[in-house]
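The structure file run.csv is reproduced below (CSV, C-alpha atoms).
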chain,number,residue,atom,x,y,z
R,1,MET,CA,212.7,103.0,131.3
R,2,ALA,CA,214.4,102.7,134.7
R,3,ALA,CA,212.9,106.0,135.9
R,4,SER,CA,209.3,105.0,135.4
R,5,LEU,CA,209.4,101.3,136.3
R,6,GLU,CA,208.1,101.9,139.8
R,7,GLN,CA,205.2,103.9,138.4
R,8,LEU,CA,204.5,101.3,135.8
R,9,ARG,CA,204.2,98.6,138.5
R,10,ARG,CA,201.4,100.6,140.0
R,11,CYS,CA,199.4,100.7,136.7
R,12,HIS,CA,196.4,98.5,136.3
R,13,PHE,CA,196.2,98.1,132.6
R,14,ALA,CA,198.3,98.9,129.5
R,15,VAL,CA,197.2,100.0,126.0
R,16,ASP,CA,199.0,99.9,122.6
R,17,LEU,CA,197.1,102.1,120.2
R,18,GLY,CA,198.4,101.2,116.8
R,19,ALA,CA,197.3,102.4,113.4
R,20,ALA,CA,196.3,98.9,112.4
R,21,ARG,CA,195.2,97.2,115.8
R,22,THR,CA,194.5,98.2,119.3
R,23,ARG,CA,195.7,95.9,122.1
R,24,VAL,CA,194.9,96.1,125.8
R,25,PHE,CA,196.8,94.2,128.6
R,26,LEU,CA,195.0,93.8,131.9
R,27,LYS,CA,197.2,93.2,134.9
R,28,GLY,CA,196.8,89.7,136.1
R,29,GLU,CA,194.8,88.7,133.1
R,30,GLY,CA,197.1,89.2,130.1
R,31,VAL,CA,196.0,90.6,126.7
R,32,VAL,CA,192.2,91.0,126.8
R,33,VAL,CA,191.7,93.1,123.6
R,34,ASP,CA,193.3,92.6,120.2
R,35,GLU,CA,191.1,94.2,117.6
R,36,PRO,CA,191.5,96.4,114.5
R,37,SER,CA,191.7,100.2,115.2
R,38,ALA,CA,188.5,100.9,113.2
R,39,ALA,CA,185.0,102.3,114.0
R,40,ALA,CA,181.9,102.5,111.8
R,41,VAL,CA,179.8,105.7,112.3
R,42,ASN,CA,176.4,106.7,111.1
R,43,THR,CA,177.1,110.1,109.6
R,44,ARG,CA,173.4,111.1,109.8
R,45,THR,CA,173.1,110.6,113.6
R,46,GLY,CA,176.7,110.4,114.8
R,47,ALA,CA,176.0,107.0,116.3
R,48,LEU,CA,178.7,104.4,116.6
R,49,ILE,CA,177.6,101.3,114.7
R,50,ALA,CA,180.5,98.9,115.1
R,51,VAL,CA,184.1,98.8,116.2
R,52,GLY,CA,187.1,96.4,115.8
R,53,THR,CA,186.7,93.4,113.5
R,54,LEU,CA,183.2,94.1,112.4
R,55,ALA,CA,184.0,97.7,111.5
R,56,GLU,CA,187.1,96.4,109.6
R,57,GLN,CA,184.9,94.0,107.6
R,58,MET,CA,182.6,96.9,106.6
R,59,THR,CA,185.5,98.8,104.9
R,60,GLY,CA,184.5,99.3,101.2
R,61,ARG,CA,181.1,97.7,101.8
R,62,THR,CA,179.0,100.4,103.4
R,63,PRO,CA,176.2,102.6,102.1
R,64,GLY,CA,176.9,106.3,101.7
R,65,TYR,CA,175.7,107.3,105.2
R,66,ILE,CA,178.0,104.9,107.0
R,67,ARG,CA,181.7,105.8,107.3
R,68,VAL,CA,184.5,103.6,108.6
R,69,VAL,CA,187.1,105.8,110.4
R,70,ARG,CA,190.5,105.1,111.9
R,71,PRO,CA,191.2,107.4,114.9
R,72,VAL,CA,194.8,106.3,115.1
R,73,SER,CA,197.5,107.0,112.5
R,74,GLY,CA,201.2,106.0,112.9
R,75,GLY,CA,200.7,105.2,116.6
R,76,THR,CA,199.3,108.8,117.2
R,77,VAL,CA,195.7,109.5,118.1
R,78,VAL,CA,194.3,111.9,115.4
R,79,ASP,CA,190.7,111.9,116.6
R,80,ILE,CA,190.5,111.9,120.4
R,81,ASP,CA,186.8,111.7,120.8
R,82,MET,CA,186.4,108.8,118.4
R,83,ALA,CA,189.4,107.0,119.9
R,84,LYS,CA,187.7,107.2,123.4
R,85,ARG,CA,184.5,105.8,122.0
R,86,MET,CA,186.2,103.0,120.2
R,87,LEU,CA,188.4,102.0,123.2
R,88,ARG,CA,185.4,102.0,125.6
R,89,HIS,CA,183.5,99.6,123.3
R,90,LEU,CA,186.6,97.4,122.7
R,91,LEU,CA,187.1,97.0,126.4
R,92,GLY,CA,183.5,95.9,126.9
R,93,ASP,CA,181.3,96.2,130.0
R,94,LYS,CA,183.0,93.4,131.9
R,95,VAL,CA,186.5,94.8,131.7
R,96,ARG,CA,185.3,98.4,132.3
R,97,ARG,CA,183.4,97.3,135.5
R,98,ALA,CA,186.6,95.6,136.7
R,99,LEU,CA,188.6,98.7,136.1
R,100,ARG,CA,186.1,101.0,137.8
R,101,ARG,CA,186.6,99.0,141.0
R,102,LYS,CA,190.3,100.0,141.1
R,103,PRO,CA,191.1,102.9,143.4
R,104,ARG,CA,192.8,105.7,141.4
R,105,LEU,CA,193.0,103.8,138.2
R,106,ARG,CA,196.4,104.0,136.5
R,107,ALA,CA,197.2,103.2,132.9
R,108,ALA,CA,200.3,102.8,130.7
R,109,ALA,CA,200.5,103.4,127.0
R,110,CYS,CA,203.0,103.1,124.1
R,111,THR,CA,204.1,106.2,122.2
R,112,PRO,CA,206.1,106.3,119.0
R,113,TYR,CA,209.8,107.4,119.2
R,114,ASP,CA,210.2,111.1,119.1
R,115,ALA,CA,206.5,111.8,119.5
R,116,ASP,CA,205.7,115.5,120.0
R,117,PRO,CA,204.0,116.8,123.1
R,118,LEU,CA,200.6,117.1,121.3
R,119,ALA,CA,200.7,113.5,120.2
R,120,GLN,CA,201.5,112.4,123.8
R,121,ARG,CA,198.7,114.6,125.2
R,122,ALA,CA,196.2,113.0,122.8
R,123,THR,CA,197.2,109.5,124.0
R,124,VAL,CA,196.8,110.6,127.7
R,125,GLU,CA,193.4,112.3,127.0
R,126,THR,CA,192.2,109.1,125.3
R,127,LEU,CA,193.0,106.9,128.3
R,128,VAL,CA,191.6,109.5,130.7
R,129,GLY,CA,188.4,109.3,128.7
R,130,VAL,CA,188.0,105.6,129.7
R,131,GLY,CA,188.5,106.3,133.4
R,132,ALA,CA,192.3,106.5,134.0
R,133,ARG,CA,193.4,108.9,136.7
R,134,ARG,CA,197.0,108.8,135.8
R,135,VAL,CA,198.7,107.7,132.5
R,136,GLU,CA,202.4,106.6,132.2
R,137,LEU,CA,203.9,106.8,128.7
R,138,VAL,CA,206.5,104.3,127.5
R,139,ASP,CA,208.5,104.5,124.2
R,140,THR,CA,207.2,101.8,121.8
R,141,LEU,CA,210.8,100.8,121.1
R,142,ILE,CA,211.5,100.0,124.7
R,143,ALA,CA,208.2,98.2,125.2
R,144,ALA,CA,208.7,96.1,122.1
R,145,ALA,CA,212.3,95.2,123.0
R,146,VAL,CA,211.2,94.0,126.4
R,147,GLY,CA,208.3,92.1,124.9
R,148,CYS,CA,210.5,90.1,122.5
R,149,GLY,CA,213.0,89.3,125.3
R,150,LEU,CA,215.9,91.5,124.3
R,151,PRO,CA,218.4,92.1,127.1
R,152,VAL,CA,217.9,95.9,127.0
R,153,GLU,CA,219.1,96.4,130.6
R,154,ARG,CA,222.6,95.0,129.8
R,155,PRO,CA,225.6,97.2,128.6
R,156,GLU,CA,225.5,95.6,125.1
R,157,ALA,CA,223.7,96.5,121.9
R,158,SER,CA,220.2,95.3,121.0
R,159,MET,CA,218.8,96.5,117.7
R,160,ILE,CA,215.1,96.5,117.1
R,161,LEU,CA,212.9,97.2,114.0
R,162,VAL,CA,209.3,97.9,114.8
R,163,CYS,CA,207.4,97.5,111.6
R,164,GLY,CA,204.0,99.2,111.9
R,165,ALA,CA,201.2,99.9,109.5
R,166,ALA,CA,202.1,103.5,108.9
R,167,THR,CA,205.7,103.9,110.2
R,168,THR,CA,208.8,101.9,110.9
R,169,GLN,CA,210.9,102.6,114.0
R,170,ILE,CA,214.5,101.5,114.2
R,171,ALA,CA,216.7,101.8,117.3
R,172,VAL,CA,219.8,100.5,119.1
R,173,LEU,CA,219.3,100.0,122.8
R,174,SER,CA,221.8,99.6,125.6
R,175,LEU,CA,221.6,99.9,129.4
R,176,GLY,CA,217.8,100.3,129.3
R,177,SER,CA,217.8,103.4,127.1
R,178,ILE,CA,217.8,104.3,123.4
R,179,VAL,CA,221.3,105.0,122.1
R,180,THR,CA,220.2,106.1,118.6
R,181,ALA,CA,216.9,105.8,116.8
R,182,GLU,CA,215.1,106.8,113.6
R,183,ARG,CA,211.4,106.8,112.6
R,184,VAL,CA,210.6,106.3,108.9
R,185,PRO,CA,207.2,107.2,107.5
R,186,VAL,CA,207.0,103.8,105.7
R,187,GLY,CA,205.1,100.8,106.9
R,188,GLY,CA,202.8,97.9,105.9
R,189,ASN,CA,200.3,100.3,104.3
R,190,ALA,CA,203.0,101.6,101.9
R,191,ILE,CA,203.8,98.0,100.9
R,192,ASP,CA,200.2,97.3,100.3
R,193,HIS,CA,199.8,100.5,98.2
R,194,SER,CA,202.8,99.5,96.1
R,195,VAL,CA,201.3,96.0,95.4
R,196,VAL,CA,198.0,97.6,94.5
R,197,SER,CA,199.7,100.1,92.1
R,198,TYR,CA,201.8,97.3,90.5
R,199,LEU,CA,198.8,95.1,89.8
R,200,ARG,CA,196.8,98.1,88.4
R,201,HIS,CA,199.5,99.3,86.1
R,202,HIS,CA,201.0,96.0,85.0
R,203,HIS,CA,198.0,93.7,85.0
R,204,GLU,CA,195.0,96.1,84.9
R,205,LEU,CA,193.7,94.4,88.0
R,206,MET,CA,192.0,96.1,90.9
R,207,LEU,CA,192.0,94.5,94.4
R,208,PRO,CA,189.3,94.9,97.0
R,209,SER,CA,190.7,96.6,100.1
R,210,GLN,CA,190.3,93.4,102.2
R,211,SER,CA,192.4,91.3,100.0
R,212,VAL,CA,195.8,93.0,100.0
R,213,ARG,CA,197.1,91.6,103.4
R,214,PRO,CA,195.9,88.0,102.6
R,215,LEU,CA,197.9,88.3,99.4
R,216,HIS,CA,201.1,88.8,101.4
R,217,LEU,CA,200.3,86.1,103.8
R,218,ALA,CA,199.7,83.7,101.0
R,219,LEU,CA,203.2,84.1,99.6
R,220,ARG,CA,206.0,81.9,100.8
R,221,GLY,CA,209.0,83.6,102.3
R,222,GLY,CA,211.4,82.2,99.7
R,223,ASP,CA,209.4,83.7,96.8
R,224,LEU,CA,210.4,87.2,97.9
R,225,ALA,CA,214.1,86.4,98.2
R,226,THR,CA,216.6,87.7,95.7
R,227,GLY,CA,216.4,85.5,92.6
R,228,GLY,CA,213.2,83.8,93.8
R,229,THR,CA,210.9,82.5,91.0
R,230,GLY,CA,207.3,81.4,90.8
R,231,THR,CA,203.9,82.8,90.2
R,232,THR,CA,200.8,83.5,92.3
R,233,GLU,CA,197.2,83.5,91.2
R,234,ILE,CA,195.4,86.7,92.2
R,235,HIS,CA,191.7,87.4,92.0
R,236,GLY,CA,190.4,90.9,91.4
R,237,ARG,CA,188.4,93.1,89.1
R,238,ASP,CA,189.3,94.1,85.6
R,239,VAL,CA,190.0,97.9,85.4
R,240,ALA,CA,188.4,98.3,82.0
R,241,THR,CA,185.3,96.0,82.2
R,242,GLY,CA,184.7,95.9,86.0
R,243,LEU,CA,184.3,92.1,85.8
R,244,ALA,CA,186.0,89.6,88.0
R,245,ARG,CA,189.2,88.3,86.7
R,246,SER,CA,192.2,86.2,87.8
R,247,VAL,CA,195.8,86.7,86.7
R,248,GLU,CA,199.1,84.8,87.3
R,249,VAL,CA,201.6,87.3,88.8
R,250,ASP,CA,205.3,86.8,88.8
R,251,THR,CA,206.6,87.0,92.4
R,252,ALA,CA,209.8,88.7,91.1
R,253,GLY,CA,207.5,91.6,90.0
R,254,LEU,CA,206.0,91.8,93.4
R,255,ARG,CA,209.4,91.9,94.9
R,256,GLY,CA,210.3,94.8,92.7
R,257,ALA,CA,207.2,96.7,93.8
R,258,ILE,CA,208.0,96.1,97.5
R,259,ASP,CA,211.6,97.2,96.9
R,260,ILE,CA,210.4,100.8,96.4
R,261,PRO,CA,209.0,101.5,99.9
R,262,LEU,CA,211.7,99.1,101.4
R,263,THR,CA,214.4,101.6,100.3
R,264,GLY,CA,213.2,104.1,102.9
R,265,VAL,CA,213.5,101.5,105.7
R,266,LEU,CA,217.0,100.5,104.6
R,267,ASP,CA,218.0,104.1,104.6
R,268,GLY,CA,216.8,104.4,108.2
R,269,ILE,CA,218.7,101.3,109.2
R,270,GLY,CA,221.8,102.7,107.6
R,271,LYS,CA,221.5,106.0,109.4
R,272,VAL,CA,221.0,104.3,112.8
R,273,LEU,CA,224.1,102.1,112.2
R,274,ARG,CA,226.2,105.2,111.2
R,275,ASP,CA,225.2,107.1,114.3
R,276,CYS,CA,225.8,104.1,116.6
R,277,PRO,CA,229.1,103.9,118.6
R,278,PRO,CA,231.6,101.4,117.0
R,279,ASP,CA,231.6,99.1,120.1
R,280,LEU,CA,227.9,98.6,119.9
R,281,VAL,CA,228.0,98.0,116.1
R,282,ALA,CA,230.4,95.1,116.8
R,283,ASP,CA,227.7,93.6,119.1
R,284,LEU,CA,225.1,94.0,116.4
R,285,ALA,CA,227.3,92.1,113.9
R,286,GLU,CA,226.8,89.0,116.1
R,287,ARG,CA,223.4,89.5,117.5
R,288,GLY,CA,221.7,91.2,114.5
R,289,ILE,CA,218.3,92.9,114.2
R,290,MET,CA,215.1,91.8,115.9
R,291,MET,CA,211.9,92.5,113.9
R,292,VAL,CA,208.6,93.1,115.6
R,293,GLY,CA,205.2,94.6,114.6
R,294,GLY,CA,202.4,93.3,112.5
R,295,SER,CA,204.2,94.1,109.2
R,296,ALA,CA,207.2,92.0,110.3
R,297,LEU,CA,205.0,89.0,109.3
R,298,THR,CA,205.2,90.0,105.6
R,299,PRO,CA,206.7,86.8,104.0
R,300,GLY,CA,210.4,87.2,103.0
R,301,LEU,CA,210.8,90.7,104.4
R,302,ASP,CA,213.4,89.6,107.0
R,303,GLN,CA,215.4,87.9,104.3
R,304,MET,CA,215.3,91.0,102.0
R,305,ILE,CA,216.6,93.2,104.9
R,306,ARG,CA,219.3,90.6,105.7
R,307,GLU,CA,220.5,90.6,102.1
R,308,ALA,CA,220.5,94.4,101.8
R,309,THR,CA,222.3,95.1,105.1
R,310,GLY,CA,224.5,92.0,105.7
R,311,VAL,CA,223.3,91.9,109.3
R,312,PRO,CA,221.6,88.8,110.8
R,313,VAL,CA,217.8,89.4,111.0
R,314,GLN,CA,215.2,87.5,113.0
R,315,VAL,CA,211.5,87.9,113.6
R,316,ALA,CA,210.2,87.7,117.2
R,317,GLU,CA,208.1,84.8,118.2
R,318,ARG,CA,204.9,87.0,118.5
R,319,PRO,CA,205.9,90.2,116.7
R,320,ASP,CA,202.4,91.5,116.5
R,321,ILE,CA,201.9,91.8,120.2
R,322,ALA,CA,205.4,92.4,121.4
R,323,SER,CA,204.8,96.0,122.4
R,324,VAL,CA,201.8,95.3,124.7
R,325,THR,CA,203.5,92.2,126.0
R,326,GLY,CA,206.5,94.3,127.0
R,327,LEU,CA,204.2,96.8,128.7
R,328,GLY,CA,202.6,93.9,130.6
R,329,ALA,CA,205.9,92.6,131.7
R,330,MET,CA,206.7,96.0,133.2
R,331,LEU,CA,203.3,96.1,134.9
R,332,ASP,CA,203.8,92.7,136.4
R,333,GLY,CA,207.3,93.6,137.7
R,334,GLN,CA,209.2,91.2,135.5
R,335,VAL,CA,211.7,93.8,134.5
R,336,GLU,CA,214.4,94.9,136.9
R,337,PRO,CA,215.4,98.5,136.9
R,338,VAL,CA,218.9,99.6,135.8
R,339,VAL,CA,220.7,101.2,138.7
R,340,LEU,CA,223.6,103.4,137.9
R,341,ASP,CA,224.6,104.9,141.2
R,342,SER,CA,227.7,107.0,141.8
R,343,LEU,CA,230.6,105.1,143.3
R,344,SER,CA,231.8,106.2,146.7
R,345,VAL,CA,235.5,106.3,147.4
R,346,SER,CA,236.5,105.1,150.9
R,347,ALA,CA,239.4,106.8,152.6
Here is a file; write its structure as structure tokens.
Amino acid sequence: MAASLEQLRRCHFAVDLGAARTRVFLKGEGVVVDEPSAAAVNTRTGALIAVGTLAEQMTGRTPGYIRVVRPVSGGTVVDIDMAKRMLRHLLGDKVRRALRRKPRLRAAACTPYDADPLAQRATVETLVGVGARRVELVDTLIAAAVGCGLPVERPEASMILVCGAATTQIAVLSLGSIVTAERVPVGGNAIDHSVVSYLRHHHELMLPSQSVRPLHLALRGGDLATGGTGTTEIHGRDVATGLARSVEVDTAGLRGAIDIPLTGVLDGIGKVLRDCPPDLVADLAERGIMMVGGSALTPGLDQMIREATGVPVQVAERPDIASVTGLGAMLDGQVEPVVLDSLSVSA
């Protein structure tokens, strides 16, 4: 982070291309875009019909010639051309005109931990496609830690858990750098899939694609704790008849379904802690784990991790925008670089 802070301060805007949402920070303005990373395309003509929230609402409701695509998966651009078109429309004419007036437009972007050169290149090409002349890449873990106020520049441990839609990134940070980290291919989408499978096999109920996330948000955090009891009424479609039906679902069963993908996250946390130096682990026992990312808002997830690891866990104040907020703080010069100069010995 220290090596690129000077370049970041010369950037004009920052982008966090996530699998679920795309967020843009404009220097001096703040977050100007926070929309789903989705685009609706007419397959007959190739024309872009909608992007963002409107495209998300079209999921599962379109005729055969309209397809809703997601050009970003796990924080990596998988369709560069569509990502360019989506980002241009999300920025809008007003923001694009403001950016075009900047001489030698510079941009910053988040990249997942341990992203390969091809994935980094795809992110750079996407931002070049919207007019950037130079693109600075920042690790998502560093940006998210800065965005939620962790003292990453100090010689003490800070542990962060970035819960994305497709992946979960775990890291221990110290002196402005990553000490040890792990990326697990399990995220909010896997939790959603587990809930859908559970309801289908145990209650013969199918959920529309738009209802899974509201299901999680409707639950209280205590319901997903160990030993939590209670039921939740869920509306869906009967698998056999296709008719609308409501069922009372035991929240203990939902917890059991979520436990399956959560095991991968817990394994990743355990690996990071095992690879971490003992002195930093001692810091973590007191400070704990900070959770950020959209999936960190899943009710009771922090308590489940706390019970499984025995380490304090807290959710950031705004976990969903922590990464782009951290990038914005770097652009605005709110982060001081870590200077580790050699000591000179006087005669």
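Note that the spacing between atom CA of Ala115 of chain R and atom CA of Arg85 of chain R amounts to 22.9 Å.
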Choose the residue, out of R:Met330, R:Leu266, R:Leu280, R:Ala257, that has the smallest atom-to-atom separation from Gly310 of chain R; count all atoms listed in the file.
-> R:Leu266
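The interatomic distance for the pair atom CA of Ala83 of chain R and atom CA of Glu6 of chain R works out to 27.8 Å.
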Report as a PDB file with C-alpha atoms, in the coordinates of the input all protein, DNA and RNA residues lying within 6 Å of segment 11-26 of chain R, evaluated on all atoms listed in the file, omitting residues in the same chain fewer than 2 positions from it.
ATOM      1  CA  LEU R   8     204.500 101.300 135.800  1.00  0.00           C
ATOM      2  CA  ARG R   9     204.200  98.600 138.500  1.00  0.00           C
ATOM      3  CA  GLU R  29     194.800  88.700 133.100  1.00  0.00           C
ATOM      4  CA  GLY R  30     197.100  89.200 130.100  1.00  0.00           C
ATOM      5  CA  VAL R  31     196.000  90.600 126.700  1.00  0.00           C
ATOM      6  CA  VAL R  32     192.200  91.000 126.800  1.00  0.00           C
ATOM      7  CA  VAL R  33     191.700  93.100 123.600  1.00  0.00           C
ATOM      8  CA  ASP R  34     193.300  92.600 120.200  1.00  0.00           C
ATOM      9  CA  GLU R  35     191.100  94.200 117.600  1.00  0.00           C
ATOM     10  CA  PRO R  36     191.500  96.400 114.500  1.00  0.00           C
ATOM     11  CA  SER R  37     191.700 100.200 115.200  1.00  0.00           C
ATOM     12  CA  VAL R  72     194.800 106.300 115.100  1.00  0.00           C
ATOM     13  CA  SER R  73     197.500 107.000 112.500  1.00  0.00           C
ATOM     14  CA  GLY R  74     201.200 106.000 112.900  1.00  0.00           C
ATOM     15  CA  GLY R  75     200.700 105.200 116.600  1.00  0.00           C
ATOM     16  CA  ARG R 106     196.400 104.000 136.500  1.00  0.00           C
ATOM     17  CA  ALA R 107     197.200 103.200 132.900  1.00  0.00           C
ATOM     18  CA  ALA R 108     200.300 102.800 130.700  1.00  0.00           C
ATOM     19  CA  ALA R 109     200.500 103.400 127.000  1.00  0.00           C
ATOM     20  CA  CYS R 110     203.000 103.100 124.100  1.00  0.00           C
ATOM     21  CA  ALA R 165     201.200  99.900 109.500  1.00  0.00           C
ATOM     22  CA  VAL R 324     201.800  95.300 124.700  1.00  0.00           C
TER      23      VAL R 324
END
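In terms of minimum interatomic distance to Leu284 of chain R, R:Met159 ranks closest within R:Met159, R:Ile178, R:Val124, R:Ile234, counting all atoms listed in the file.
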Long-range neighbours of Ala285 of chain R as a VMD selection string, 12 Å cut-off, all atoms listed in the file, 2 positions minimum in chain = chain R and resid 156 to 159 273 278 to 283 287 to 289 306 309 to 313
Using only C-alpha atoms, the shortest atom-to-atom distance to Ala190 of chain R among R:Ala166, R:Gly268, R:Pro208, R:Asp139 belongs to R:Ala166
Non-local contacts of segment 242-247 of chain R (10 Å; all atoms listed in the file; under 2 positions in same chain excluded) as a PyMOL selection string | chain R and resi 199+203-206+231-240+249-250
How would the residues just chosen look if you wrote them out with C-alpha atoms as a PDB file, in the coordinates of the input?
ATOM      1  CA  LEU R 199     198.800  95.100  89.800  1.00  0.00           C
ATOM      2  CA  HIS R 203     198.000  93.700  85.000  1.00  0.00           C
ATOM      3  CA  GLU R 204     195.000  96.100  84.900  1.00  0.00           C
ATOM      4  CA  LEU R 205     193.700  94.400  88.000  1.00  0.00           C
ATOM      5  CA  MET R 206     192.000  96.100  90.900  1.00  0.00           C
ATOM      6  CA  THR R 231     203.900  82.800  90.200  1.00  0.00           C
ATOM      7  CA  THR R 232     200.800  83.500  92.300  1.00  0.00           C
ATOM      8  CA  GLU R 233     197.200  83.500  91.200  1.00  0.00           C
ATOM      9  CA  ILE R 234     195.400  86.700  92.200  1.00  0.00           C
ATOM     10  CA  HIS R 235     191.700  87.400  92.000  1.00  0.00           C
ATOM     11  CA  GLY R 236     190.400  90.900  91.400  1.00  0.00           C
ATOM     12  CA  ARG R 237     188.400  93.100  89.100  1.00  0.00           C
ATOM     13  CA  ASP R 238     189.300  94.100  85.600  1.00  0.00           C
ATOM     14  CA  VAL R 239     190.000  97.900  85.400  1.00  0.00           C
ATOM     15  CA  ALA R 240     188.400  98.300  82.000  1.00  0.00           C
ATOM     16  CA  VAL R 249     201.600  87.300  88.800  1.00  0.00           C
ATOM     17  CA  ASP R 250     205.300  86.800  88.800  1.00  0.00           C
TER      18      ASP R 250
END
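Counting all atoms listed in the file, the residue from R:Val265, R:Val179, R:Gly294, R:Pro117 that sits nearest to Ser323 of chain R is R:Gly294.
Among the candidate residues R:Ala181, R:Leu254, R:Cys148, R:Val335, the one lying nearest to His202 of chain R is R:Leu254, with distances computed using only C-alpha atoms.
The coordinates place atom CA of Leu127 of chain R at 24.8 Å from atom CA of Thr43 of chain R.
Counting all atoms listed in the file and comparing R:Gly188, R:Val95, R:Gln314, R:Leu331, the residue that lies closest to Thr298 of chain R is R:Gly188.
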Please write as a list in words the list of polymer residues whose atoms come within 10 Å of (189.7, 110.1, 119.8), counting only C-alpha atoms and keeping to the coordinates of the file.
-> Arg70, Pro71, Val72, Val77, Val78, Asp79, Ile80, Asp81, Met82, Ala83, Lys84, Arg85, Met86, Leu87, Ala122, Thr123, Glu125, Thr126, Leu127 and Gly129 of chain R
Centre and edges of the segment 113-117 of chain R box, axis-aligned, 8 Å extra per side, as AutoDock Vina command-line options:
--center_x 207.1 --center_y 112.1 --center_z 121.1 --size_x 22.2 --size_y 25.4 --size_z 20.0
Find the residues around Ala55 of chain R up to 6 Å (only C-alpha atoms counted), leave out those fewer than 2 positions away in its own chain, and share them as a PyMOL selection string.
-> chain R and resi 38-40+50-53+57-58
